[in-house]
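> Here you go, one structure.
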Amino acid sequence: MAETASNDGFVVFDRVQKSYDGVNLVVKDLNLSVGRGEFLTMLGPSGSGKTTCLMMLAGFETATHGDILLGGNPINNIPPHKRGIGMVFQNYALFPHMTVAENLAFPLEVRKMGKSVREEKVKRALDMVQMGEFGGRRPAQLSGGQQQRIALARALVFEPELVLMDEPLGALDKQLREHMQFEITRLAHELGITTVYVTHDQTEALTMSDNVAVFDDGRIQQLAPPADLYEKPENSFVAQFIGENNTLEGVVTEMKGDICTVQLDDGEILDATPVNVSKVGERTKVSIRPERVEFSKDRLQEGAHLLKAEVKEFIYMGDVFRTRLKVAGNDEFVIKSRNAPDQVRLEPGNQIEIGWLPEDCRALDA
Amino acid sequence: MSDATTDAATGGPVLAADGTPLKRSLARALRRQKWRALMLIAPLLTFILLTFILPVADMLFRSVENSIVEETLPRTVVALADWDADSGELPSEAVFAAMAADLKEAATAKTHTKVGGRLNYESPGISSLFRKTGRKAKKFDLEAGGPWKEALIDINDGWGEHENWRTILTYSSTYTAGYYLNAIDMQVGTNGAEMRPEDERIYMKLLKRTLWMSCLITFACIALGYPVAWLLANLPMRTANVLMILVLLPFWTSLLVRTSAWKILLQQQGVINDVLVWIGLVADENRLVMINNQFGTIVAMTHILLPFMILPMYSVMQTIPPTYLRAAKSLGATNWTAFWRVYFPQTIPGIGAGSILVFILAIGYYITPALVGGTKGTFISNEIARHISSSLNWGLGAALGAILLVVVLGLYWAYDKIVGIDNVKLG
Ligand SMILES: Nc1ncnc2c1ncn2[C@@H]1O[C@H](COP(=O)(O)OP(=O)(O)OP(=O)(O)O)[C@@H](O)[C@H]1O
Ligand SMILES: [Mg+2]
C-alpha cells in the first residue's frame, strides 16, 4: 500500500471495494496508481466495473471500502463539485437549454469568474476544438461529433488537472471516432492533463493510452503499456481479450530456465515461455498471436518443436490473408500472413507444419 | 435537355409523365390522402361539432340575442321608436294603444309573462307589471276600450312610470349588449352605459376573485406537486409505481366524496379543529373557520387538481437524464446551482403544461366551490350555473360564460407570447 502511494501517484485507488446492493462486490480490491500527465485507459467487458470506478473518482458513488487519493489527499469526503475533475459523459450531457457558449461558460460562472475572463476562456476552448463558429448554437443543432467536441471543450475549459471520460466516442461512426481519438490524445498531451479514459473498444485503448488497465470481474487483470499488453499478456483473460489469439491446452512436462515444454491434450509437444506456470505437471493454456505463427519451411527454426496442421479455410482480406487451421484438435486456430508478392496462399485441405519462436508463445494459467 | 428544364427556362409549369402539370397531379394525389384522413376523424369531428362547437356558438348567440321583446310586442316596438325618452313625458296614446293590442295578443298566447321576465332582468318589478296587466288584457276591447293611456295606468301604476317605458325602448332591438353590460356590472342609464351602484356590482368582483383564487390554486399545485413529480421520476421503479397509485387515487374516488371529506376535516367541529384543540394550539371557543370560505375552496380544489399538475411535470422530468445533474456538479456547481440552472429550466415545459391545465380547470370549476365555498369562496361559474338553472336568465349566464372564455383565450395567448405554446409538453 505504501509503495503504490509513493510512486508519485496523482490518482491512487488503494484497496478500493464497491458494492451497490450489499451482496455482490462490483469492484473487488482495486489498486491503481496514475501518474501526473498520464493517459490511462480502463478497458474491460461490459459490467466489469469501469464506470463504477470512474463514478467513485468523480464523487457520484462512494467506495464501500478503501481510499481514493487525489494529489496525495483522500477525497472520499469531498463532494463532487469541489473535486475539480473534468468529466466527459457517454451521452455528452450538454445542457439542452443553453447555447454552446453558455454551456462552456457554466463552469466558469459557478467559479465566479468575471465576464471578460469567461468570454476569453470560452473562445479559446472553442478554438481549441475547432468549433469557434458554433458558440451561438444549441446542442441539438450540432452533429454527434460536434457535440462530442463541445463536451470535451466544456470539460477542459476550467483547466482541471484530471479529466475523466466514459466511453465518449461510443456513439460516433468509425471514421469520426478515429479522428476524435487523435484529437483527444493530442489535446491531453498538449495541455499536460491527467486522463482516465473508459472504453470497451480495445483498438481505442491500444492507440490512445500510455497505460491500459484491463478490468474483469471487478479486478484489474493487467496494468501495462499497450505494447506489453498485446505482446506479453500476463494471464489468459488478457490474452483472449486483447487482439486475436490462439489458445491450446496442455500440461507442462519440462521446465528449462525461461523455456518450458508443454504436451498438448492430443499428445503433441511444443515449446513456450512460462508465465503463470512454475512446475512440471501443471495444466496451462498456451497463447500465440496469429501473426507470429510461421509455416513456410525456410522460416521455421531448426530443431524446434513443430505442430501438424490442416488448412480449413482461406480468407482473403486485402492487406492480410487469414487462414483457419485445425491444430491439435482445435479447428479455430487462425494464422495471419502479410499479402506480399512471395507469400504462399494455402488451399483448404493442405497438410502443413507450423511453428513459432518460444518467446512468442506464452504458457498462461489454465 | 429534359422537358422540365425547358419548361423552367420558358417559365411554364413542370409536366408530369401524362402531360398534366406536375403541381396539379400532385394535388390530386394528395387530395385522396386528405379525404382518407378526413374520413378517419369524421366521427370525432361530428361528435365535437354537435357537443362542443354548436353549444358554444349557441351560447355566444344567446348572450346577445333579444328578439323576444320585438316578437311579443311588435306594434309597441314600432310605435315607441318615435318616442324621445329624454323628453320627460310619457309616450303618446298611440304607443299605449299599441301596447294594449300587443298585450291582448300576448296574453292569449300566454307569452306576456316571458317578455315580462326578460325585462325584469334589466329593471326589477316589470315582471309583475306584465303579469298583472296580462290577466285583464284578454278582455280588452280594442275598438271601444280607449283611451288606453288612462286605462293601462288604471290597471297598474307601473304604466305611468317613465323608467319602465325607457327599459322597454332600450331592449326593443333584436340584439343587445345588455347582458354583457350586466355581466361587467354596468347598465344603460339616462346617459347611456354607466356603472351600476356600488352595492350592485357583483360579477367583476366575482371574476377577479375567480382569477385570483385560480392563480393561488395553481401556485399551490406547483409547490406541492413539484417535489412529488421529482420523486416519481427519480425513485426506483417499484417505489415510484406505488407513489403513482397514490397520486392517481383521487381520480378513482368520486369528486363528491372527496369534497365531503374535506368538509368533515375542515369544519369547526371537524377532525383538524378537534386535533388542534386537543393539543392545545387553539382554544375551544376559537375554533378556526376553514370551510365555507376561500380557504376551504383553495384547499379542496388544490387537492382535486393536484394530479393534473403532477402528471405533466412527471412526464417531462422522466425524460431528463440524471447525467445532466452529475455533469453540472462535475463542472463545479453546488447542488442548488445544479438544480436551479440545469434541472429546473428543463422542467419548465412541464410546469407550463400543468399550470395551463390546472388554471383553466380551476377557473371554470363549479361543484367544489359550490359545496365548500360558502358565500366568500364561490366562483363565477357558480353564478353562471345559478343563471342557467334557477334564475333562468340564460342570456346573462351566456354573457358571463363568454367573458370567461375570452379571459381564458387571452391568458392562453399571453402564455404563448411569454413561454411559447410549443414549449408545453404533456408527455
Ligand atoms: N446504480 C447501480 N445499482 C446497482 N448496480 C449497479 C449500479 N450501477 C452499476 N451496477 C452494477 O455494477 C456492475 C458494474 O457496472 P459498471 O457500470 O461499472 O460496468 P461497466 O464496466 O461500466 O460496463 P459497460 O462497459 O457496460 O459500461 C454491473 O453488474 C452493474 O449491473
Ligand atoms: Mg460503463
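Convention: chains lettered A, B, ... in C-alpha cells order; per-chain residue numbering from 1; ligands numbered from 1 as shown.
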Applying 6 Å and only C-alpha atoms, which residues near range 397-410 of chain B remain after dropping the ones on its own chain fewer than 2 positions away? List them as a PDB file with all heavy atoms, in the first residue's frame.

ATOM      1  N   MET B  59     -74.368  29.463 -27.297  1.00  0.00           N
ATOM      2  CA  MET B  59     -74.220  30.271 -26.092  1.00  0.00           C
ATOM      3  C   MET B  59     -73.820  31.701 -26.464  1.00  0.00           C
ATOM      4  O   MET B  59     -74.387  32.669 -25.942  1.00  0.00           O
ATOM      5  CB  MET B  59     -73.153  29.651 -25.195  1.00  0.00           C
ATOM      6  CG  MET B  59     -72.906  30.420 -23.931  1.00  0.00           C
ATOM      7  SD  MET B  59     -71.365  29.943 -23.135  1.00  0.00           S
ATOM      8  CE  MET B  59     -70.188  30.834 -24.111  1.00  0.00           C
ATOM      9  N   SER B  63     -76.069  35.191 -25.827  1.00  0.00           N
ATOM     10  CA  SER B  63     -75.613  36.278 -24.976  1.00  0.00           C
ATOM     11  C   SER B  63     -75.917  37.640 -25.592  1.00  0.00           C
ATOM     12  O   SER B  63     -75.822  38.646 -24.909  1.00  0.00           O
ATOM     13  CB  SER B  63     -74.117  36.130 -24.691  1.00  0.00           C
ATOM     14  OG  SER B  63     -73.386  36.322 -25.874  1.00  0.00           O
ATOM     15  N   TYR B 179     -76.804  42.118 -21.842  1.00  0.00           N
ATOM     16  CA  TYR B 179     -76.314  41.021 -20.997  1.00  0.00           C
ATOM     17  C   TYR B 179     -74.848  41.236 -20.644  1.00  0.00           C
ATOM     18  O   TYR B 179     -74.406  40.982 -19.535  1.00  0.00           O
ATOM     19  CB  TYR B 179     -76.479  39.697 -21.716  1.00  0.00           C
ATOM     20  CG  TYR B 179     -77.921  39.266 -21.895  1.00  0.00           C
ATOM     21  CD1 TYR B 179     -78.423  38.980 -23.156  1.00  0.00           C
ATOM     22  CD2 TYR B 179     -78.756  39.136 -20.790  1.00  0.00           C
ATOM     23  CE1 TYR B 179     -79.723  38.564 -23.330  1.00  0.00           C
ATOM     24  CE2 TYR B 179     -80.075  38.728 -20.950  1.00  0.00           C
ATOM     25  CZ  TYR B 179     -80.549  38.442 -22.227  1.00  0.00           C
ATOM     26  OH  TYR B 179     -81.822  38.036 -22.379  1.00  0.00           O
ATOM     27  N   TYR B 180     -74.095  41.695 -21.675  1.00  0.00           N
ATOM     28  CA  TYR B 180     -72.659  41.908 -21.417  1.00  0.00           C
ATOM     29  C   TYR B 180     -72.451  43.053 -20.444  1.00  0.00           C
ATOM     30  O   TYR B 180     -71.623  42.968 -19.541  1.00  0.00           O
ATOM     31  CB  TYR B 180     -71.911  42.165 -22.721  1.00  0.00           C
ATOM     32  CG  TYR B 180     -71.634  40.884 -23.450  1.00  0.00           C
ATOM     33  CD1 TYR B 180     -72.436  40.458 -24.488  1.00  0.00           C
ATOM     34  CD2 TYR B 180     -70.565  40.083 -23.057  1.00  0.00           C
ATOM     35  CE1 TYR B 180     -72.192  39.271 -25.136  1.00  0.00           C
ATOM     36  CE2 TYR B 180     -70.306  38.896 -23.693  1.00  0.00           C
ATOM     37  CZ  TYR B 180     -71.121  38.481 -24.731  1.00  0.00           C
ATOM     38  OH  TYR B 180     -70.873  37.310 -25.343  1.00  0.00           O
ATOM     39  N   ALA B 183     -73.084  41.814 -17.220  1.00  0.00           N
ATOM     40  CA  ALA B 183     -72.051  40.901 -16.743  1.00  0.00           C
ATOM     41  C   ALA B 183     -70.823  41.638 -16.256  1.00  0.00           C
ATOM     42  O   ALA B 183     -70.028  41.082 -15.498  1.00  0.00           O
ATOM     43  CB  ALA B 183     -71.667  39.929 -17.849  1.00  0.00           C
ATOM     44  N   ILE B 384     -72.845  31.532 -12.976  1.00  0.00           N
ATOM     45  CA  ILE B 384     -73.333  31.098 -14.296  1.00  0.00           C
ATOM     46  C   ILE B 384     -74.345  29.977 -14.107  1.00  0.00           C
ATOM     47  O   ILE B 384     -75.438  29.987 -14.677  1.00  0.00           O
ATOM     48  CB  ILE B 384     -72.162  30.628 -15.177  1.00  0.00           C
ATOM     49  CG1 ILE B 384     -71.205  31.796 -15.446  1.00  0.00           C
ATOM     50  CG2 ILE B 384     -72.680  30.060 -16.492  1.00  0.00           C
ATOM     51  CD1 ILE B 384     -70.000  31.437 -16.253  1.00  0.00           C
ATOM     52  N   HIS B 387     -77.642  31.209 -12.974  1.00  0.00           N
ATOM     53  CA  HIS B 387     -78.450  31.833 -14.011  1.00  0.00           C
ATOM     54  C   HIS B 387     -79.015  30.806 -14.983  1.00  0.00           C
ATOM     55  O   HIS B 387     -80.092  30.989 -15.524  1.00  0.00           O
ATOM     56  CB  HIS B 387     -77.626  32.869 -14.772  1.00  0.00           C
ATOM     57  CG  HIS B 387     -77.448  34.131 -13.993  1.00  0.00           C
ATOM     58  ND1 HIS B 387     -78.504  34.819 -13.456  1.00  0.00           N
ATOM     59  CD2 HIS B 387     -76.337  34.827 -13.623  1.00  0.00           C
ATOM     60  CE1 HIS B 387     -78.057  35.880 -12.804  1.00  0.00           C
ATOM     61  NE2 HIS B 387     -76.734  35.891 -12.886  1.00  0.00           N
ATOM     62  N   ILE B 388     -78.272  29.753 -15.215  1.00  0.00           N
ATOM     63  CA  ILE B 388     -78.746  28.752 -16.163  1.00  0.00           C
ATOM     64  C   ILE B 388     -79.849  27.912 -15.528  1.00  0.00           C
ATOM     65  O   ILE B 388     -80.838  27.583 -16.163  1.00  0.00           O
ATOM     66  CB  ILE B 388     -77.590  27.826 -16.610  1.00  0.00           C
ATOM     67  CG1 ILE B 388     -76.481  28.634 -17.276  1.00  0.00           C
ATOM     68  CG2 ILE B 388     -78.096  26.722 -17.534  1.00  0.00           C
ATOM     69  CD1 ILE B 388     -76.774  29.131 -18.643  1.00  0.00           C
ATOM     70  N   TRP B 394     -80.742  33.014 -19.087  1.00  0.00           N
ATOM     71  CA  TRP B 394     -79.724  32.344 -19.890  1.00  0.00           C
ATOM     72  C   TRP B 394     -78.811  33.324 -20.598  1.00  0.00           C
ATOM     73  O   TRP B 394     -77.640  33.085 -20.771  1.00  0.00           O
ATOM     74  CB  TRP B 394     -80.389  31.427 -20.928  1.00  0.00           C
ATOM     75  CG  TRP B 394     -80.915  30.184 -20.296  1.00  0.00           C
ATOM     76  CD1 TRP B 394     -81.338  30.045 -19.003  1.00  0.00           C
ATOM     77  CD2 TRP B 394     -81.050  28.920 -20.916  1.00  0.00           C
ATOM     78  NE1 TRP B 394     -81.749  28.760 -18.775  1.00  0.00           N
ATOM     79  CE2 TRP B 394     -81.584  28.047 -19.949  1.00  0.00           C
ATOM     80  CE3 TRP B 394     -80.790  28.449 -22.198  1.00  0.00           C
ATOM     81  CZ2 TRP B 394     -81.849  26.713 -20.224  1.00  0.00           C
ATOM     82  CZ3 TRP B 394     -81.060  27.121 -22.480  1.00  0.00           C
ATOM     83  CH2 TRP B 394     -81.586  26.265 -21.493  1.00  0.00           C
ATOM     84  N   GLY B 395     -79.404  34.449 -20.988  1.00  0.00           N
ATOM     85  CA  GLY B 395     -78.599  35.439 -21.697  1.00  0.00           C
ATOM     86  C   GLY B 395     -77.444  35.926 -20.849  1.00  0.00           C
ATOM     87  O   GLY B 395     -76.303  35.977 -21.299  1.00  0.00           O
ATOM     88  N   TYR B 412     -54.244  32.337 -22.507  1.00  0.00           N
ATOM     89  CA  TYR B 412     -53.580  31.353 -23.365  1.00  0.00           C
ATOM     90  C   TYR B 412     -52.653  32.059 -24.346  1.00  0.00           C
ATOM     91  O   TYR B 412     -51.507  31.682 -24.534  1.00  0.00           O
ATOM     92  CB  TYR B 412     -54.668  30.595 -24.111  1.00  0.00           C
ATOM     93  CG  TYR B 412     -54.259  29.237 -24.601  1.00  0.00           C
ATOM     94  CD1 TYR B 412     -53.975  28.221 -23.699  1.00  0.00           C
ATOM     95  CD2 TYR B 412     -54.182  28.966 -25.954  1.00  0.00           C
ATOM     96  CE1 TYR B 412     -53.616  26.980 -24.148  1.00  0.00           C
ATOM     97  CE2 TYR B 412     -53.827  27.721 -26.408  1.00  0.00           C
ATOM     98  CZ  TYR B 412     -53.550  26.740 -25.499  1.00  0.00           C
ATOM     99  OH  TYR B 412     -53.182  25.510 -25.953  1.00  0.00           O
ATOM    100  N   TRP B 413     -53.183  33.140 -24.928  1.00  0.00           N
ATOM    101  CA  TRP B 413     -52.411  33.906 -25.894  1.00  0.00           C
ATOM    102  C   TRP B 413     -51.179  34.517 -25.212  1.00  0.00           C
ATOM    103  O   TRP B 413     -50.060  34.441 -25.716  1.00  0.00           O
ATOM    104  CB  TRP B 413     -53.296  34.998 -26.499  1.00  0.00           C
ATOM    105  CG  TRP B 413     -52.567  35.927 -27.399  1.00  0.00           C
ATOM    106  CD1 TRP B 413     -52.276  35.729 -28.714  1.00  0.00           C
ATOM    107  CD2 TRP B 413     -52.005  37.203 -27.049  1.00  0.00           C
ATOM    108  NE1 TRP B 413     -51.583  36.805 -29.203  1.00  0.00           N
ATOM    109  CE2 TRP B 413     -51.404  37.722 -28.205  1.00  0.00           C
ATOM    110  CE3 TRP B 413     -51.979  37.948 -25.870  1.00  0.00           C
ATOM    111  CZ2 TRP B 413     -50.763  38.953 -28.217  1.00  0.00           C
ATOM    112  CZ3 TRP B 413     -51.336  39.177 -25.880  1.00  0.00           C
ATOM    113  CH2 TRP B 413     -50.740  39.668 -27.041  1.00  0.00           C
TER     114      TRP B 413
END
> Name the residues, by chain letter and number, that sit within 8 Å of ligand 2 using only C-alpha atoms and all ligand atoms, and give them as a list in words.
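Counting only what the definition allows, namely only C-alpha atoms and all ligand atoms, the set is Ser46, Gly47, Gly49, Lys50, Thr51, Thr52, Asp166, Glu167, Val198 and Thr199 of chain A.
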> Keeping only C-alpha atoms, write the selected residues as a PDB file, in the first residue's frame.

ATOM      1  CA  SER A  46     -19.483  -4.787 -20.112  1.00  0.00           C
ATOM      2  CA  GLY A  47     -20.329  -4.863 -16.424  1.00  0.00           C
ATOM      3  CA  GLY A  49     -16.985  -2.088 -13.061  1.00  0.00           C
ATOM      4  CA  LYS A  50     -15.270   0.568 -15.177  1.00  0.00           C
ATOM      5  CA  THR A  51     -17.977   3.184 -14.925  1.00  0.00           C
ATOM      6  CA  THR A  52     -18.309   2.446 -11.237  1.00  0.00           C
ATOM      7  CA  ASP A 166     -16.634   7.457 -20.004  1.00  0.00           C
ATOM      8  CA  GLU A 167     -16.855   5.911 -23.454  1.00  0.00           C
ATOM      9  CA  VAL A 198     -13.022   4.286 -20.165  1.00  0.00           C
ATOM     10  CA  THR A 199     -13.759   2.196 -23.207  1.00  0.00           C
TER      11      THR A 199
END
> Counting only C-alpha atoms and all ligand atoms, what are the residues of chain A within 10 Å of ligand 1, and for each of them which pair of atoms is the nearest and at what distance in Å, to one decimal? Sort the table by chain and rising number, as CSV.

residue,atom,partner,partner_atom_place_in_ligand_line,distance
A:Lys18,CA,ligand 1,12 (O),8.9
A:Ser19,CA,ligand 1,5 (N),7.8
A:Tyr20,CA,ligand 1,4 (C),4.8
A:Asp21,CA,ligand 1,4 (C),6.3
A:Gly22,CA,ligand 1,4 (C),9.8
A:Asn24,CA,ligand 1,12 (O),8.8
A:Leu25,CA,ligand 1,12 (O),8.3
A:Val26,CA,ligand 1,12 (O),5.2
A:Val27,CA,ligand 1,14 (C),7.7
A:Met42,CA,ligand 1,21 (O),8.7
A:Leu43,CA,ligand 1,21 (O),8.1
A:Gly44,CA,ligand 1,21 (O),6.4
A:Pro45,CA,ligand 1,25 (O),5.7
A:Ser46,CA,ligand 1,26 (O),3.5
A:Gly47,CA,ligand 1,19 (O),3.5
A:Ser48,CA,ligand 1,21 (O),4.0
A:Gly49,CA,ligand 1,18 (O),3.1
A:Lys50,CA,ligand 1,21 (O),3.7
A:Thr51,CA,ligand 1,22 (O),3.6
A:Thr52,CA,ligand 1,18 (O),3.7
A:Cys53,CA,ligand 1,18 (O),6.5
A:Leu54,CA,ligand 1,18 (O),8.0
A:Met55,CA,ligand 1,18 (O),8.3
A:Met56,CA,ligand 1,18 (O),9.9
A:Glu61,CA,ligand 1,1 (N),8.6
A:Gln90,CA,ligand 1,27 (O),9.2
A:Asp166,CA,ligand 1,22 (O),8.0
A:Glu167,CA,ligand 1,27 (O),7.7
A:Val198,CA,ligand 1,22 (O),7.8
A:Thr199,CA,ligand 1,25 (O),6.9
A:His200,CA,ligand 1,25 (O),5.8
A:Asp201,CA,ligand 1,25 (O),9.4
A:Phe215,CA,ligand 1,21 (O),7.8
A:Asp216,CA,ligand 1,21 (O),8.3
A:Asp217,CA,ligand 1,14 (C),8.7
A:Gly218,CA,ligand 1,14 (C),7.7
> Each residue of chain B lying at most 12 Å from chain A should get a row with its shortest atom-to-atom pair and the distance in Å to one decimal, counting only C-alpha atoms; could you produce that, ordered by chain and increasing number, as a Markdown table?

| residue | atom | partner | partner_atom | distance |
| --- | --- | --- | --- | --- |
| B:Ile320 | CA | A:Pro96 | CA | 10.1 |
| B:Pro321 | CA | A:Ala93 | CA | 8.4 |
| B:Pro322 | CA | A:Ala93 | CA | 9.2 |
| B:Thr323 | CA | A:Ala93 | CA | 6.2 |
| B:Tyr324 | CA | A:Ala93 | CA | 5.4 |
| B:Leu325 | CA | A:Ala93 | CA | 8.9 |
| B:Arg326 | CA | A:Phe60 | CA | 7.4 |
| B:Ala327 | CA | A:Ala93 | CA | 6.5 |
| B:Ala328 | CA | A:Pro107 | CA | 7.9 |
| B:Lys329 | CA | A:His81 | CA | 4.8 |
| B:Ser330 | CA | A:His81 | CA | 5.4 |
| B:Leu331 | CA | A:Pro107 | CA | 4.9 |
| B:Gly332 | CA | A:His81 | CA | 4.1 |
| B:Ala333 | CA | A:His81 | CA | 5.7 |
| B:Thr334 | CA | A:His81 | CA | 6.1 |
| B:Asn335 | CA | A:His81 | CA | 8.4 |
| B:Trp336 | CA | A:Val110 | CA | 11.2 |
| B:Thr337 | CA | A:Val110 | CA | 7.9 |
| B:Ala338 | CA | A:Val110 | CA | 9.6 |
| B:Arg341 | CA | A:Phe106 | CA | 9.1 |
| B:Val342 | CA | A:Phe95 | CA | 6.8 |
| B:Tyr343 | CA | A:Phe95 | CA | 9.1 |
| B:Phe344 | CA | A:His97 | CA | 10.4 |
| B:Pro345 | CA | A:His97 | CA | 7.2 |
| B:Gln346 | CA | A:His97 | CA | 6.8 |
| B:Thr347 | CA | A:His97 | CA | 10.5 |
| B:Ile348 | CA | A:His97 | CA | 10.6 |
| B:Pro349 | CA | A:His97 | CA | 11.4 |
| B:Asn423 | CA | A:His97 | CA | 11.5 |
> I'd like to know which residues of range 163-350 of chain A are helix (DSSP H, G or I) (by DSSP, run on the backbone); could you write them as a ChimeraX atom specification?
/A:174-191,202-208,226-231,236-241,290-292,297-299
> Any idea what the distance is between CA of Val122 in chain A and CA of Glu161 in chain A?
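Atom-to-atom, CA of Val122 in chain A and CA of Glu161 in chain A are spaced 17.7 Å apart.
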> Got a sec: who's within 12 Å of Glu143 in chain B, counting only C-alpha atoms, leaving out chain neighbours fewer than 3 positions off, as a list of chain:residue names?
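Close residues of Glu143 in chain B: B:Ala97, B:Ala100, B:Ala101, B:Lys139, B:Phe140, B:Gly146, B:Pro147, B:Trp148.
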> Would you kindly return, as a PyMOL selection string, each protein, DNA or RNA residue with an atom no farther than 10 Å from any atom of Ile298 in chain B, considering only C-alpha atoms and excluding same-chain residues fewer than 2 positions away?
chain B and resi 213-214+216-218+220+291+293-296+300-304+362+368-369+372-373+377
> Going by DSSP on the backbone, which bits of range 272-333 of chain A are strand (DSSP E)? Write them as a PyMOL selection string, please.
chain A and resi 272-274+283-288+307-316+320-327+330-333
> Using the selection just defined, write its residues with N, CA and C atoms as an mmCIF file, in the first residue's frame.

data_model
loop_
_atom_site.group_PDB
_atom_site.id
_atom_site.type_symbol
_atom_site.label_atom_id
_atom_site.label_comp_id
_atom_site.auth_asym_id
_atom_site.auth_seq_id
_atom_site.Cartn_x
_atom_site.Cartn_y
_atom_site.Cartn_z
ATOM 1 N N ALA A 272 7.348 -23.183 -25.058
ATOM 2 C CA ALA A 272 6.676 -21.929 -24.719
ATOM 3 C C ALA A 272 7.456 -21.211 -23.631
ATOM 4 N N THR A 273 7.138 -19.916 -23.441
ATOM 5 C CA THR A 273 7.705 -19.156 -22.339
ATOM 6 C C THR A 273 6.781 -19.329 -21.138
ATOM 7 N N PRO A 274 7.314 -19.806 -20.017
ATOM 8 C CA PRO A 274 6.428 -19.954 -18.853
ATOM 9 C C PRO A 274 6.102 -18.586 -18.253
ATOM 10 N N ARG A 283 -1.429 -27.746 -15.371
ATOM 11 C CA ARG A 283 -2.177 -27.516 -16.607
ATOM 12 C C ARG A 283 -1.972 -26.070 -17.042
ATOM 13 N N THR A 284 -2.019 -25.856 -18.359
ATOM 14 C CA THR A 284 -1.778 -24.497 -18.856
ATOM 15 C C THR A 284 -2.558 -24.245 -20.137
ATOM 16 N N LYS A 285 -2.818 -22.956 -20.373
ATOM 17 C CA LYS A 285 -3.351 -22.535 -21.668
ATOM 18 C C LYS A 285 -2.215 -21.813 -22.383
ATOM 19 N N VAL A 286 -1.886 -22.291 -23.571
ATOM 20 C CA VAL A 286 -0.796 -21.677 -24.314
ATOM 21 C C VAL A 286 -1.394 -20.686 -25.302
ATOM 22 N N SER A 287 -0.786 -19.497 -25.360
ATOM 23 C CA SER A 287 -1.355 -18.449 -26.212
ATOM 24 C C SER A 287 -0.352 -18.005 -27.274
ATOM 25 N N ILE A 288 -0.788 -17.945 -28.519
ATOM 26 C CA ILE A 288 0.071 -17.498 -29.629
ATOM 27 C C ILE A 288 -0.730 -16.525 -30.487
ATOM 28 N N LEU A 307 4.149 -28.364 -35.106
ATOM 29 C CA LEU A 307 2.844 -28.998 -34.985
ATOM 30 C C LEU A 307 2.295 -29.259 -36.370
ATOM 31 N N LYS A 308 1.539 -30.358 -36.488
ATOM 32 C CA LYS A 308 0.867 -30.651 -37.753
ATOM 33 C C LYS A 308 -0.430 -29.844 -37.801
ATOM 34 N N ALA A 309 -0.736 -29.381 -39.012
ATOM 35 C CA ALA A 309 -1.968 -28.604 -39.137
ATOM 36 C C ALA A 309 -2.625 -28.894 -40.462
ATOM 37 N N GLU A 310 -3.957 -28.786 -40.470
ATOM 38 C CA GLU A 310 -4.685 -28.979 -41.717
ATOM 39 C C GLU A 310 -5.420 -27.682 -42.033
ATOM 40 N N VAL A 311 -5.291 -27.205 -43.273
ATOM 41 C CA VAL A 311 -5.930 -25.950 -43.647
ATOM 42 C C VAL A 311 -7.431 -26.174 -43.807
ATOM 43 N N LYS A 312 -8.214 -25.354 -43.134
ATOM 44 C CA LYS A 312 -9.671 -25.490 -43.202
ATOM 45 C C LYS A 312 -10.284 -24.436 -44.117
ATOM 46 N N GLU A 313 -9.705 -23.231 -44.077
ATOM 47 C CA GLU A 313 -10.357 -22.123 -44.766
ATOM 48 C C GLU A 313 -9.301 -21.063 -45.051
ATOM 49 N N PHE A 314 -9.425 -20.427 -46.222
ATOM 50 C CA PHE A 314 -8.506 -19.347 -46.544
ATOM 51 C C PHE A 314 -9.331 -18.095 -46.826
ATOM 52 N N ILE A 315 -9.050 -17.021 -46.094
ATOM 53 C CA ILE A 315 -9.851 -15.795 -46.284
ATOM 54 C C ILE A 315 -8.935 -14.682 -46.749
ATOM 55 N N TYR A 316 -9.325 -14.095 -47.889
ATOM 56 C CA TYR A 316 -8.548 -13.003 -48.441
ATOM 57 C C TYR A 316 -9.090 -11.707 -47.867
ATOM 58 N N VAL A 320 -4.010 -8.559 -45.598
ATOM 59 C CA VAL A 320 -3.531 -9.824 -44.999
ATOM 60 C C VAL A 320 -4.378 -10.993 -45.485
ATOM 61 N N PHE A 321 -3.778 -12.184 -45.329
ATOM 62 C CA PHE A 321 -4.535 -13.420 -45.534
ATOM 63 C C PHE A 321 -4.815 -13.991 -44.166
ATOM 64 N N ARG A 322 -6.021 -14.477 -43.996
ATOM 65 C CA ARG A 322 -6.373 -15.066 -42.716
ATOM 66 C C ARG A 322 -6.683 -16.516 -43.015
ATOM 67 N N THR A 323 -5.952 -17.420 -42.366
ATOM 68 C CA THR A 323 -6.133 -18.832 -42.677
ATOM 69 C C THR A 323 -6.557 -19.563 -41.411
ATOM 70 N N ARG A 324 -7.636 -20.345 -41.539
ATOM 71 C CA ARG A 324 -8.102 -21.097 -40.370
ATOM 72 C C ARG A 324 -7.592 -22.518 -40.475
ATOM 73 N N LEU A 325 -6.988 -22.988 -39.386
ATOM 74 C CA LEU A 325 -6.375 -24.314 -39.395
ATOM 75 C C LEU A 325 -7.016 -25.191 -38.334
ATOM 76 N N LYS A 326 -6.788 -26.490 -38.526
ATOM 77 C CA LYS A 326 -7.109 -27.401 -37.424
ATOM 78 C C LYS A 326 -5.792 -27.862 -36.831
ATOM 79 N N VAL A 327 -5.559 -27.495 -35.560
ATOM 80 C CA VAL A 327 -4.307 -27.820 -34.897
ATOM 81 C C VAL A 327 -4.634 -28.509 -33.577
ATOM 82 N N ASN A 330 -8.069 -28.485 -32.352
ATOM 83 C CA ASN A 330 -8.740 -27.195 -32.280
ATOM 84 C C ASN A 330 -8.855 -26.633 -33.695
ATOM 85 N N ASP A 331 -10.098 -26.563 -34.233
ATOM 86 C CA ASP A 331 -10.164 -26.062 -35.611
ATOM 87 C C ASP A 331 -10.538 -24.585 -35.683
ATOM 88 N N GLU A 332 -10.279 -23.854 -34.591
ATOM 89 C CA GLU A 332 -10.451 -22.400 -34.631
ATOM 90 C C GLU A 332 -9.090 -21.714 -34.616
ATOM 91 N N PHE A 333 -8.052 -22.429 -34.939
ATOM 92 C CA PHE A 333 -6.693 -21.881 -34.894
ATOM 93 C C PHE A 333 -6.479 -21.019 -36.136
#
> CA of Ile363 in chain B and CA of Leu243 in chain B are how many Å apart?
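Spanning CA of Ile363 in chain B to CA of Leu243 in chain B is a straight-line distance of 28.2 Å.
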> Work out how far apart CA of Leu181 in chain B and CA of Leu361 in chain B are and give it in Å to one decimal.
25.7 Å
> Residues at most 7 Å from range 29-37 of chain A, counting only C-alpha atoms, excluding those fewer than 4 positions away in the same chain, as a ChimeraX atom specification?
/A:4,8-17,192-194,219-220
